[in-house]
Structures are given as structure tokens and as C-alpha cells.
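**Q** So I've got this file, input38.tsv, and it contains TSV, C-alpha atoms and all ligand atoms:
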```tsv
chain	number	residue	atom	x	y	z
V	1	MET	CA	76.15	57.88	140.43
V	2	THR	CA	75.36	56.20	143.77
V	3	ASN	CA	78.40	55.03	145.71
V	4	HIS	CA	76.95	51.75	146.93
V	5	ILE	CA	74.19	49.58	145.53
V	6	ILE	CA	72.79	46.80	147.70
V	7	ILE	CA	70.70	44.04	146.15
V	8	GLY	CA	68.29	42.55	148.68
V	9	GLY	CA	66.18	44.23	151.34
V	10	GLY	CA	66.35	41.49	153.98
V	11	VAL	CA	67.99	41.86	157.37
V	12	ILE	CA	71.48	41.60	155.83
V	13	GLY	CA	70.97	44.20	153.09
V	14	LEU	CA	69.03	46.64	155.29
V	15	THR	CA	71.52	46.49	158.17
V	16	LEU	CA	74.36	47.12	155.74
V	17	ALA	CA	72.48	50.02	154.14
V	18	TYR	CA	71.87	51.51	157.59
V	19	GLY	CA	75.56	51.13	158.52
V	20	LEU	CA	76.60	52.92	155.33
V	21	ALA	CA	73.95	55.61	155.81
V	22	CYS	CA	75.27	56.26	159.33
V	23	GLN	CA	78.65	56.99	157.70
V	24	ASN	CA	76.98	59.41	155.26
V	25	GLU	CA	77.71	57.15	152.28
V	26	SER	CA	75.27	57.31	149.39
V	27	VAL	CA	73.46	54.02	149.03
V	28	VAL	CA	70.43	52.52	147.32
V	29	VAL	CA	68.72	49.20	148.10
V	30	LEU	CA	67.10	47.26	145.24
V	31	GLU	CA	64.49	44.72	146.36
V	32	ARG	CA	62.40	42.52	144.09
V	33	GLY	CA	59.48	42.33	146.48
V	34	ALA	CA	58.90	44.40	149.60
V	35	GLY	CA	61.65	45.04	152.15
V	36	GLY	CA	61.82	42.64	155.10
V	37	GLN	CA	59.42	40.11	153.59
V	38	GLY	CA	61.94	37.39	152.62
V	39	THR	CA	63.45	34.80	154.93
V	40	SER	CA	64.12	37.47	157.54
V	41	ARG	CA	60.39	37.66	158.21
V	42	ALA	CA	60.34	33.94	159.07
V	43	ALA	CA	63.04	34.04	161.74
V	44	ALA	CA	62.54	33.45	165.44
V	45	GLY	CA	65.08	36.14	166.32
V	46	MET	CA	67.29	34.19	168.73
V	47	LEU	CA	70.73	35.73	169.15
V	48	ALA	CA	72.36	32.62	170.57
V	49	THR	CA	76.09	32.82	170.02
V	50	ASP	CA	77.36	29.49	171.21
V	51	ILE	CA	74.44	27.24	170.37
V	52	GLU	CA	74.06	25.66	166.92
V	53	LEU	CA	76.84	27.87	165.53
V	54	ARG	CA	80.09	26.73	163.89
V	55	GLU	CA	83.21	27.63	165.79
V	56	GLU	CA	84.58	29.72	162.91
V	57	LEU	CA	81.63	32.10	163.42
V	58	HIS	CA	81.89	32.53	167.19
V	59	ALA	CA	83.94	35.76	167.04
V	60	LEU	CA	81.63	37.34	164.45
V	61	ALA	CA	78.61	36.30	166.49
V	62	ALA	CA	80.10	37.67	169.71
V	63	ARG	CA	80.70	41.01	167.96
V	64	SER	CA	77.11	41.05	166.73
V	65	ARG	CA	75.85	40.37	170.23
V	66	ARG	CA	77.76	43.39	171.50
V	67	LEU	CA	76.40	45.57	168.70
V	68	TYR	CA	72.75	44.53	169.06
V	69	PRO	CA	71.72	46.51	172.17
V	70	LEU	CA	73.32	49.63	170.64
V	71	LEU	CA	71.62	49.08	167.30
V	72	ALA	CA	68.23	48.47	168.93
V	73	ARG	CA	68.52	51.61	171.10
V	74	ARG	CA	69.62	53.72	168.17
V	75	LEU	CA	66.77	52.48	165.97
V	76	GLU	CA	64.24	53.13	168.73
V	77	ARG	CA	65.57	56.67	169.18
V	78	GLU	CA	65.39	57.35	165.45
V	79	THR	CA	62.08	55.65	164.63
V	80	GLY	CA	60.18	55.12	167.89
V	81	ILE	CA	60.02	51.39	167.09
V	82	ASP	CA	60.89	48.98	169.89
V	83	CYS	CA	62.59	46.04	168.12
V	84	GLY	CA	61.91	43.73	171.06
V	85	TYR	CA	65.58	43.35	172.00
V	86	ARG	CA	66.00	41.68	175.37
V	87	GLU	CA	68.10	39.14	177.21
V	88	GLN	CA	66.62	36.19	179.02
V	89	PRO	CA	67.51	32.70	180.26
V	90	PHE	CA	68.06	30.03	177.62
V	91	LEU	CA	67.64	26.39	178.61
V	92	LEU	CA	69.41	23.97	176.29
V	93	LYS	CA	68.49	20.28	176.55
V	94	ARG	CA	70.81	18.03	174.62
V	95	LYS	CA	71.49	14.28	174.93
V	96	GLY	CA	69.64	14.09	178.24
V	97	ARG	CA	71.62	16.97	179.78
V	98	GLU	CA	70.50	20.47	180.61
V	99	HIS	CA	72.54	23.61	180.30
V	100	LEU	CA	71.24	27.00	181.42
V	101	PHE	CA	72.61	30.17	179.79
V	102	PRO	CA	71.43	32.97	182.10
V	103	ALA	CA	71.19	35.81	179.53
V	104	VAL	CA	70.81	35.17	175.81
V	105	GLY	CA	69.65	37.96	173.52
V	106	GLN	CA	66.69	37.94	171.20
V	107	ILE	CA	64.98	40.44	168.93
V	108	ASP	CA	61.78	40.65	166.90
V	109	PRO	CA	63.00	40.28	163.28
V	110	ARG	CA	59.87	41.83	161.76
V	111	ARG	CA	60.10	44.91	163.95
V	112	LEU	CA	63.83	45.10	163.27
V	113	THR	CA	63.49	45.20	159.48
V	114	THR	CA	60.59	47.66	159.76
V	115	ALA	CA	62.66	49.93	162.00
V	116	LEU	CA	65.63	49.70	159.62
V	117	MET	CA	63.42	50.72	156.70
V	118	TYR	CA	61.97	53.69	158.63
V	119	ALA	CA	65.44	54.77	159.73
V	120	LEU	CA	66.75	54.55	156.16
V	121	HIS	CA	63.79	56.50	154.87
V	122	ALA	CA	64.37	59.21	157.50
V	123	ARG	CA	67.97	59.50	156.27
V	124	GLY	CA	66.81	59.91	152.68
V	125	ILE	CA	68.00	56.46	151.57
V	126	SER	CA	65.74	54.92	148.98
V	127	ILE	CA	64.64	51.32	149.10
V	128	GLU	CA	63.52	50.59	145.57
V	129	GLU	CA	60.87	47.90	145.95
V	130	GLN	CA	59.45	45.70	143.16
V	131	VAL	CA	62.83	46.01	141.40
V	132	GLU	CA	64.09	42.62	140.31
V	133	VAL	CA	67.77	42.72	139.40
V	134	THR	CA	68.52	40.57	136.36
V	135	ARG	CA	72.19	41.27	135.61
V	136	ILE	CA	75.37	42.63	137.19
V	137	GLU	CA	78.21	43.97	135.04
V	138	GLU	CA	81.53	45.20	136.39
V	139	SER	CA	83.87	47.55	134.56
V	140	ASP	CA	87.08	49.25	135.75
V	141	ASP	CA	85.31	52.28	137.18
V	142	PHE	CA	81.80	51.25	138.09
V	143	VAL	CA	79.18	48.51	138.26
V	144	ARG	CA	76.07	48.45	136.11
V	145	ILE	CA	72.92	46.81	137.43
V	146	GLU	CA	70.09	45.84	135.11
V	147	SER	CA	66.60	45.23	136.41
V	148	ASN	CA	62.98	44.96	135.35
V	149	ALA	CA	62.68	48.66	136.23
V	150	GLY	CA	65.75	50.14	134.57
V	151	THR	CA	69.49	50.43	135.10
V	152	TRP	CA	71.56	51.63	138.06
V	153	THR	CA	75.25	52.45	138.20
V	154	GLY	CA	77.38	52.57	141.32
V	155	ARG	CA	80.94	52.38	142.58
V	156	THR	CA	80.22	49.07	144.31
V	157	VAL	CA	77.45	46.52	144.52
V	158	THR	CA	76.81	44.18	147.43
V	159	VAL	CA	74.75	41.09	146.72
V	160	ALA	CA	72.66	40.42	149.84
V	161	ALA	CA	69.86	38.67	148.00
V	162	GLY	CA	69.54	35.55	150.16
V	163	ARG	CA	68.53	32.62	147.97
V	164	GLY	CA	68.56	34.92	144.93
V	165	SER	CA	72.29	35.64	145.30
V	166	GLN	CA	73.76	32.69	143.41
V	167	ALA	CA	71.75	33.31	140.22
V	168	LEU	CA	72.61	37.01	140.28
V	169	LEU	CA	76.33	36.41	140.73
V	170	ASP	CA	76.24	33.92	137.84
V	171	THR	CA	75.38	36.83	135.55
V	172	ALA	CA	78.68	38.48	136.54
V	173	GLY	CA	80.64	35.25	136.06
V	174	ILE	CA	81.09	34.74	139.82
V	175	SER	CA	80.22	31.34	141.16
V	176	ILE	CA	79.16	30.52	144.70
V	177	ALA	CA	77.68	27.27	145.99
V	178	THR	CA	74.46	27.63	147.95
V	179	TYR	CA	71.21	25.80	148.57
V	180	GLY	CA	67.98	26.43	150.45
V	181	VAL	CA	66.91	24.86	153.74
V	182	LYS	CA	63.22	25.29	154.36
V	183	GLY	CA	62.05	25.98	157.91
V	184	GLU	CA	58.48	25.94	159.22
V	185	CYS	CA	57.45	27.81	162.34
V	186	LEU	CA	54.33	28.69	164.30
V	187	ALA	CA	53.26	31.26	166.87
V	188	VAL	CA	50.95	30.40	169.76
V	189	ARG	CA	49.49	32.27	172.71
V	190	LEU	CA	49.25	30.68	176.14
V	191	ALA	CA	47.11	32.19	178.91
V	192	GLY	CA	48.27	32.13	182.52
V	193	GLN	CA	51.83	31.67	183.71
V	194	PRO	CA	54.18	33.16	181.07
V	195	LEU	CA	57.18	31.20	179.81
V	196	ARG	CA	60.25	33.15	180.92
V	197	SER	CA	63.09	31.24	179.19
V	198	ILE	CA	63.88	30.18	175.67
V	199	LEU	CA	63.71	26.38	175.58
V	200	PHE	CA	65.79	24.54	172.99
V	201	ASP	CA	66.38	20.83	172.31
V	202	ASP	CA	67.39	18.75	169.29
V	203	ALA	CA	63.85	18.67	167.85
V	204	VAL	CA	62.30	22.05	168.65
V	205	TYR	CA	62.70	25.44	170.26
V	206	LEU	CA	60.21	27.65	172.10
V	207	VAL	CA	60.87	31.39	172.08
V	208	PRO	CA	58.64	33.65	174.22
V	209	LYS	CA	58.34	37.06	172.52
V	210	ALA	CA	57.79	40.53	173.97
V	211	ASP	CA	54.24	40.64	172.51
V	212	GLY	CA	53.19	37.60	174.58
V	213	ARG	CA	53.39	35.06	171.74
V	214	ILE	CA	55.53	31.93	171.91
V	215	LEU	CA	57.26	30.92	168.68
V	216	ILE	CA	57.65	27.20	168.08
V	217	GLY	CA	60.27	26.29	165.49
V	218	ALA	CA	61.51	25.07	163.29
V	219	THR	CA	61.72	22.25	160.76
V	220	GLU	CA	64.86	21.85	158.70
V	221	LEU	CA	64.32	20.60	155.14
V	222	PRO	CA	67.43	20.86	152.95
V	223	HIS	CA	66.88	21.50	149.20
V	224	ASP	CA	63.18	22.19	149.79
V	225	GLU	CA	62.22	25.67	148.59
V	226	THR	CA	58.47	25.19	148.48
V	227	VAL	CA	56.17	27.75	150.04
V	228	GLY	CA	53.68	26.70	152.72
V	229	VAL	CA	53.52	24.73	155.93
V	230	SER	CA	52.84	20.99	155.90
V	231	VAL	CA	50.63	19.10	158.35
V	232	ALA	CA	53.62	16.80	158.98
V	233	GLY	CA	55.83	19.79	159.84
V	234	VAL	CA	53.35	21.35	162.27
V	235	THR	CA	52.55	17.97	163.86
V	236	SER	CA	56.20	17.15	164.51
V	237	LEU	CA	56.87	20.60	165.97
V	238	LEU	CA	53.81	20.50	168.24
V	239	GLN	CA	54.58	16.99	169.50
V	240	ALA	CA	58.19	17.95	170.26
V	241	ALA	CA	57.04	21.22	171.88
V	242	GLU	CA	54.64	19.35	174.17
V	243	ARG	CA	57.40	16.93	175.22
V	244	LEU	CA	59.68	19.85	176.02
V	245	TYR	CA	57.06	22.04	177.70
V	246	PRO	CA	53.79	20.19	178.52
V	247	PRO	CA	51.66	23.32	179.30
V	248	ILE	CA	51.92	24.29	175.61
V	249	ARG	CA	49.08	21.85	174.85
V	250	ASP	CA	46.64	24.50	176.14
V	251	ALA	CA	47.96	27.21	173.83
V	252	VAL	CA	46.05	28.72	170.91
V	253	ILE	CA	47.69	28.73	167.48
V	254	GLU	CA	47.85	32.25	165.96
V	255	GLU	CA	50.01	31.94	162.86
V	256	VAL	CA	52.02	29.44	160.84
V	257	TRP	CA	54.66	30.29	158.23
V	258	SER	CA	57.75	29.08	156.46
V	259	GLY	CA	60.98	30.49	155.07
V	260	VAL	CA	63.99	29.23	153.15
V	261	ARG	CA	67.34	29.62	154.91
V	262	PRO	CA	70.23	30.52	152.59
V	263	GLN	CA	72.87	27.84	153.24
V	264	THR	CA	76.29	27.43	151.57
V	265	ALA	CA	78.15	24.27	150.57
V	266	SER	CA	80.92	25.11	153.07
V	267	GLY	CA	78.43	25.94	155.84
V	268	LEU	CA	79.96	29.41	156.19
V	269	PRO	CA	78.52	32.66	154.82
V	270	TYR	CA	80.13	34.66	152.02
V	271	ILE	CA	81.12	38.06	153.42
V	272	GLY	CA	83.51	40.37	151.54
V	273	VAL	CA	84.75	41.10	148.06
V	274	ALA	CA	84.10	38.45	145.40
V	275	ASP	CA	87.07	36.54	144.00
V	276	SER	CA	88.67	38.32	141.03
V	277	SER	CA	86.51	41.41	141.49
V	278	ARG	CA	87.08	44.90	142.89
V	279	ARG	CA	83.54	46.17	142.99
V	280	ILE	CA	81.27	43.21	143.65
V	281	PHE	CA	80.76	42.28	147.30
V	282	LEU	CA	78.94	39.37	148.90
V	283	ALA	CA	76.85	39.22	152.04
V	284	THR	CA	74.91	36.02	151.81
V	285	GLY	CA	74.57	32.43	153.01
V	286	HIS	CA	73.87	33.13	156.69
V	287	HIS	CA	71.69	30.01	156.98
V	288	ARG	CA	70.25	29.77	160.54
V	289	HIS	CA	72.04	32.87	161.83
V	290	GLY	CA	71.31	35.83	159.59
V	291	ILE	CA	69.53	37.81	162.29
V	292	LEU	CA	72.30	37.18	164.79
V	293	LEU	CA	75.12	37.92	162.34
V	294	ALA	CA	73.62	40.96	160.56
V	295	PRO	CA	75.24	43.78	162.60
V	296	ALA	CA	78.75	42.29	162.50
V	297	THR	CA	78.40	41.41	158.81
V	298	ALA	CA	77.41	45.03	158.14
V	299	GLU	CA	80.31	46.34	160.21
V	300	VAL	CA	82.88	44.28	158.30
V	301	LEU	CA	81.49	45.39	154.95
V	302	VAL	CA	81.03	49.05	155.88
V	303	ASN	CA	84.71	49.22	156.86
V	304	THR	CA	85.83	47.52	153.63
V	305	LEU	CA	83.56	49.56	151.38
V	306	ARG	CA	84.63	52.84	152.96
V	307	LEU	CA	88.29	51.93	152.57
V	308	ILE	CA	87.78	51.32	148.88
V	309	GLN	CA	85.90	54.59	148.58
V	310	LYS	CA	88.78	56.48	150.23
V	311	GLU	CA	91.38	54.86	147.97
V	312	GLU	CA	89.42	55.90	144.90
V	313	VAL	CA	89.14	59.50	146.02
V	314	ARG	CA	92.96	59.70	146.48
V	401	LIG	P1	66.32	37.50	153.02
V	401	LIG	O1	65.64	37.97	154.23
V	401	LIG	O2	65.67	36.41	152.24
V	401	LIG	O3	66.54	38.77	152.08
V	401	LIG	C1	67.01	38.65	150.76
V	401	LIG	C2	66.18	39.61	149.91
V	401	LIG	O4	66.72	39.63	148.58
V	401	LIG	C3	64.72	39.15	149.77
V	401	LIG	O5	63.88	40.17	150.25
V	401	LIG	C4	64.54	38.92	148.26
V	401	LIG	O6	63.27	39.32	147.78
V	401	LIG	C5	65.65	39.79	147.68
V	401	LIG	N1	66.10	39.35	146.34
V	401	LIG	C6	66.43	38.11	145.96
V	401	LIG	N2	66.77	38.09	144.64
V	401	LIG	C7	66.65	39.38	144.19
V	401	LIG	C8	66.85	40.00	142.93
V	401	LIG	N3	67.22	39.32	141.85
V	401	LIG	N4	66.63	41.35	142.83
V	401	LIG	C9	66.24	42.07	143.92
V	401	LIG	N5	66.04	41.51	145.16
V	401	LIG	C10	66.25	40.18	145.28
V	401	LIG	N6	68.46	33.51	162.21
V	401	LIG	C11	68.89	33.93	163.44
V	401	LIG	O7	69.93	34.57	163.56
V	401	LIG	N7	68.14	33.63	164.56
V	401	LIG	C12	66.98	32.92	164.51
V	401	LIG	O8	66.34	32.68	165.53
V	401	LIG	C13	66.54	32.46	163.24
V	401	LIG	N8	65.40	31.72	163.14
V	401	LIG	C14	64.99	31.28	161.92
V	401	LIG	C15	63.80	30.55	161.84
V	401	LIG	C16	63.33	30.12	160.62
V	401	LIG	C17	62.06	29.31	160.56
V	401	LIG	C18	64.05	30.44	159.43
V	401	LIG	C19	63.54	30.01	158.08
V	401	LIG	C20	65.24	31.18	159.50
V	401	LIG	C21	65.72	31.60	160.74
V	401	LIG	N9	66.91	32.33	160.86
V	401	LIG	C22	67.33	32.78	162.08
V	401	LIG	C23	67.76	32.58	159.69
V	401	LIG	C24	67.52	33.99	159.12
V	401	LIG	O9	66.15	34.17	158.91
V	401	LIG	C25	68.28	34.14	157.78
V	401	LIG	O10	69.64	33.78	157.94
V	401	LIG	C26	68.22	35.61	157.33
V	401	LIG	O11	66.90	36.05	157.31
V	401	LIG	C27	68.85	35.79	155.96
V	401	LIG	O12	68.70	37.14	155.63
V	401	LIG	P2	68.97	37.68	154.18
V	401	LIG	O13	68.86	39.16	154.22
V	401	LIG	O14	70.24	37.07	153.66
V	401	LIG	O15	67.81	37.01	153.29
V	402	LIG	N1	68.16	29.65	164.05
V	402	LIG	C1	66.93	29.00	164.11
V	402	LIG	C2	66.44	28.46	162.84
V	402	LIG	O1	67.02	28.72	161.80
V	402	LIG	O2	65.47	27.75	162.85
```
What does this structure look like when you write it as C-alpha cells?
Ligand code: FAD
Ligand code: GLY

**A**
Amino acid sequence: MTNHIIIGGGVIGLTLAYGLACQNESVVVLERGAGGQGTSRAAAGMLATDIELREELHALAARSRRLYPLLARRLERETGIDCGYREQPFLLKRKGREHLFPAVGQIDPRRLTTALMYALHARGISIEEQVEVTRIEESDDFVRIESNAGTWTGRTVTVAAGRGSQALLDTAGISIATYGVKGECLAVRLAGQPLRSILFDDAVYLVPKADGRILIGATELPHDETVGVSVAGVTSLLQAAERLYPPIRDAVIEEVWSGVRPQTASGLPYIGVADSSRRIFLATGHHRHGILLAPATAEVLVNTLRLIQKEEVR
């Protein structure tokens, strides 16, 4: 029997799996599609701790920020993949005022999830793709996971299934309150003078990436879980981007995409053991900050899961 089952191969599930693997815990990740292709693929990768983040999350975010350079270095050493971690100026324009943060972190979320998957593979951890979990059952000694591809048993299960989490937890009689917030984004390339800072105002943000692209994001559409990018969404982003940074009008559009942020009714993520359960854990509802909060979320859960494991061995 595997010690730990993780449902969801997004940034949250993969970072947790990697944290457990680093502690030599046995772990399996079940993913209904392909790893790293959910909302995590849509993210801009800003690691901005004190901007657009609720105060209750500041400490967790600060911890994540400290962990990120270590995580990125370790992943690069183990996989050869540069996750694009770097710090750069961040110019916030709000209500007619400007505030410059001299060094705000960012990462490339697609490279990050790819590196996590390679690192897990190298450690012999299996990511079971195309496995859609349909039911979770908890008994005194183990959890039983049913899927379209068979059954798994483990000592614990962590539900890190993004927007899929609520429906899965329902099957175990655990209720959480979440909804989706669609975000549209585009990537452009601009010849000439490179943009050196992240620019952020109430309507749009511009994030220059290590590969020379500039990401322009993002719309915020609560309760919209449709796939695709609307003309209205792109138009509003481009108009706001041009107001914020006029040279962007000469840029060439390379890609447009959308994703659905997993938001909770309280506005705070669910991290930890589920109410009235000993073996079912939650790591979901990170809304606009899942990339930022992934390492600290993983750290909290790794510590808790290992503690439980030790108690059971005694
Ligand atoms: P996901 O990446 O969606 O992973 C969940 C996985 O679970 C999916 O792969 C899914 O297929 C799988 N799954 C679901 N149901 C099942 C099931 N029944 N069985 C098996 N597998 C299942 N955050 C930041 O910190 N910084 C940013 O700059 C940033 N920018 C963003 C920009 C946009 C446009 C958007 C949309 C989001 C942005 N975010 C950002 C937010 C961030 O992307 C999310 O918070 C984060 O990706 C959530 O990760 P996750 O692992 O919970 O979800
Ligand atoms: N954190 C940026 C976004 O969700 O659009």
C-alpha cells in the first residue's frame, strides 16, 4: 500500500509530491489529464507577496518566497531545467499613485511543473495520468480511491484537484465551498528595448519573462468556467496594457489562453486535514496565488503527513 495518494497533478499536487519524495515517503499522484496542464499552465508566475493577497496569507506567502530560490536551484540541479526563477522590480500603480518594489520574484509555471514531473520521475514516483478519480472512501486504517482506471489504497489522500476538489470531497461526505474564476491571458513579443519591471495596475499586469515574452493578464470572471478566450477579454487587456505601457502597441501576439482559478467562499485556501477525518487532506482553493503559495503549502502538509505516519508506526 502506498503511504500517500495525491489527487491532482497541478502545481499544488506536484510540489507536495516532490516534498514527500524528498523525505523518502512513498507517494503516487493521480491526474485525470496530463500533469501540469490545468490552471497551473495558465498562470503568469508572479510571486508577489504583498500585492493582491489577503493579510491572513502574508506569512505563508513570505515562507514560500523564501523557499522558492532553493526549490528552483534544487530542481535545476536534479533535472537540468531552469524554471525561470528571478527577482526584478515591480511597479504597482494604484489610485493614481506609484509604488516600486525593488525585487519581486517570478517563475515560469510551465517549466516549474515540467521540472517537478521530471524530478519525481527520477525519484521513482509515479504520476498516473489519464486517471480520473471518481470516489474517495475512508476507513479506520486506510483510504480507498476509485477511478476510471482501477482502485488505489493508501494511508492518506490529499485532494489537490483544483476545481475538481469539491466534487471529489462530496463523495467522501466532506463539504467545501468553492467556485471558479476564469482568467484570460496573452503572451506577446516586443522587439527593441526590453521591459525590465513587472507593471501592475487595477486593470492589467505586464510580466516580462526570461524567454523574452511579455505576459499580459488577466481577466477575472467569477463563476465562468468556459474554455477559450473572448474578443472582449483580449480587447480590454490590450487597451489597458497600452495605457500602462504605450510601447506594447508594437508587440506581436504569440499566444492566448485561459484558465479557471480555484476560489473559495471564504477567500482563503483549504490546507490541512478535513473536518471529521484522519486520512483525508485538502490542498485546494489557492485562487490567484497557487504558484506563489505552492512551496509553503507543501511544507505544511509534508510536516503534518509525516507526523501522522510516525504516530501510526509507533
Ligand atoms: P490545477 O493546476 O488546476 O491542478 C489541479 C489538477 O487536478 C488538474 O490537473 C486536474 O486535471 C486535476 N483533477 C481535477 N479533478 C480530478 C479528478 N477527479 N481526478 C484526477 N485529477 C483531477 N498564481 C500565482 O501565484 N501567481 C500568478 O502570477 C498567477 N497568475 C495567474 C494567471 C491566470 C490567468 C490564472 C488563471 C491563474 C493564475 N494564478 C497565479 C493562479 C494559479 O494558476 C492557481 O492558483 C494554481 O494553478 C492552482 O493550482 P492547482 O494545482 O490547485 O490547480
Ligand atoms: N495572480 C494573477 C492572476 O491570477 O491573474

**Q** Extract, using all atoms listed in the file, all DNA, RNA and protein residues at most 8 Å from V:Glu137, discarding same-chain residues fewer than 3 positions from it, and format them as a list in words.

**A**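 Selected residues are Val143, Arg144, Ile145, Thr171 and Ala172 of chain V.
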
**Q** Distance table requested - chain V against ligand LIG 402 (chain V), cut-off 8 Å, only C-alpha atoms and all ligand atoms: one row per qualifying residue with the closest atom pair and its distance in Å to one decimal, ordered by chain and rising residue number, as a tab-separated table.

**A**
```
residue	atom	partner	partner_atom	distance
V:Ala43	CA	V:LIG402	C2	6.6
V:Ala44	CA	V:LIG402	C1	6.4
V:Gly45	CA	V:LIG402	N1	7.5
V:Met46	CA	V:LIG402	N1	6.6
V:Glu52	CA	V:LIG402	N1	7.7
V:Gly183	CA	V:LIG402	O2	6.3
V:Gly217	CA	V:LIG402	O2	6.0
V:Ala218	CA	V:LIG402	O2	4.8
V:Thr219	CA	V:LIG402	O2	7.0
V:Glu220	CA	V:LIG402	O2	7.2
V:Arg261	CA	V:LIG402	O1	7.0
V:His287	CA	V:LIG402	O1	6.8
V:Arg288	CA	V:LIG402	O1	3.6
V:His289	CA	V:LIG402	N1	5.5
```

**Q** Name each residue within 7 Å of ligand LIG 401 (chain V), counting all atoms listed in the file, as a VMD selection string.

**A** chain V and resid 7 to 13 30 to 47 131 to 134 160 to 165 168 182 to 185 217 to 218 258 to 262 284 to 293

**Q** Nearest to V:Ala274 among V:Ala187, V:Val256, V:Leu169, V:Ile214, with distances taken over all atoms listed in the file: which residue is it?

**A** V:Leu169

**Q** Taking only C-alpha atoms into account, name the residue in V:Leu91, V:Ile107, V:Leu116, V:Ala72 that is nearest to V:Ala210.

**A**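 Of the candidates, the smallest distance to V:Ala210 is held by V:Ile107.
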
**Q** So how far away is atom CA of V:Arg63 from atom CA of V:Ser277, in Å?

**A**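 We find that atom CA of V:Ser277 and atom CA of V:Arg63 lie 27.1 Å from each other.
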
**Q** For a quick check of understanding, using only C-alpha atoms, which of V:Ala115, V:Leu301, V:Ile136, V:Leu57 has the smallest distance to V:Gly267?

**A**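 Using only C-alpha atoms, the shortest distance to V:Gly267 belongs to V:Leu57.
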
**Q** What gap, in Å, lies between atom CA of V:Ile127 and atom CA of V:Glu78?

**A**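 Atom CA of V:Glu78 lies at a distance of 17.4 Å from atom CA of V:Ile127.
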
**Q** Is there a way to get, as a list of chain:residue names, all residues within 9 Å of the point (71.1, 30.8, 171.1) in file coordinates, counting all atoms listed in the file?

**A**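 Residues lying no farther than 9 Å from the given point: V:Met46, V:Leu47, V:Ala48, V:Thr49, V:Asp50, V:Ile51, V:Glu52, V:Leu53, V:Phe90, V:Leu92, V:Phe101, V:Val104, V:Gly105, V:Gln106, V:Ile198, V:Phe200.
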
**Q** Point out the residue among V:Gln166, V:Glu25, V:Ser197, V:Ser139 with the least atom-to-atom distance to V:Leu307, counting all atoms listed in the file.

**A** V:Glu25

**Q** Rank nothing, just name the residue among V:Leu112, V:Ile81, V:Ile6, V:Val28 nearest to V:Ile125, using only C-alpha atoms.

**A**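 Looking only at the distances to V:Ile125, the closest residue turns out to be V:Val28.
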
**Q** For atom CA of V:Asn24 and atom CA of V:Leu71, quote the distance in Å rounded to one decimal.

**A**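 Between these atoms lies a distance of 16.7 Å.
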
**Q** Write out as an NGL selection string the residues lying within 9 Å of V:Lys93, counting all atoms listed in the file and excluding same-chain residues fewer than 4 positions away.

**A** :V and (97-100 or 199-202 or 244)
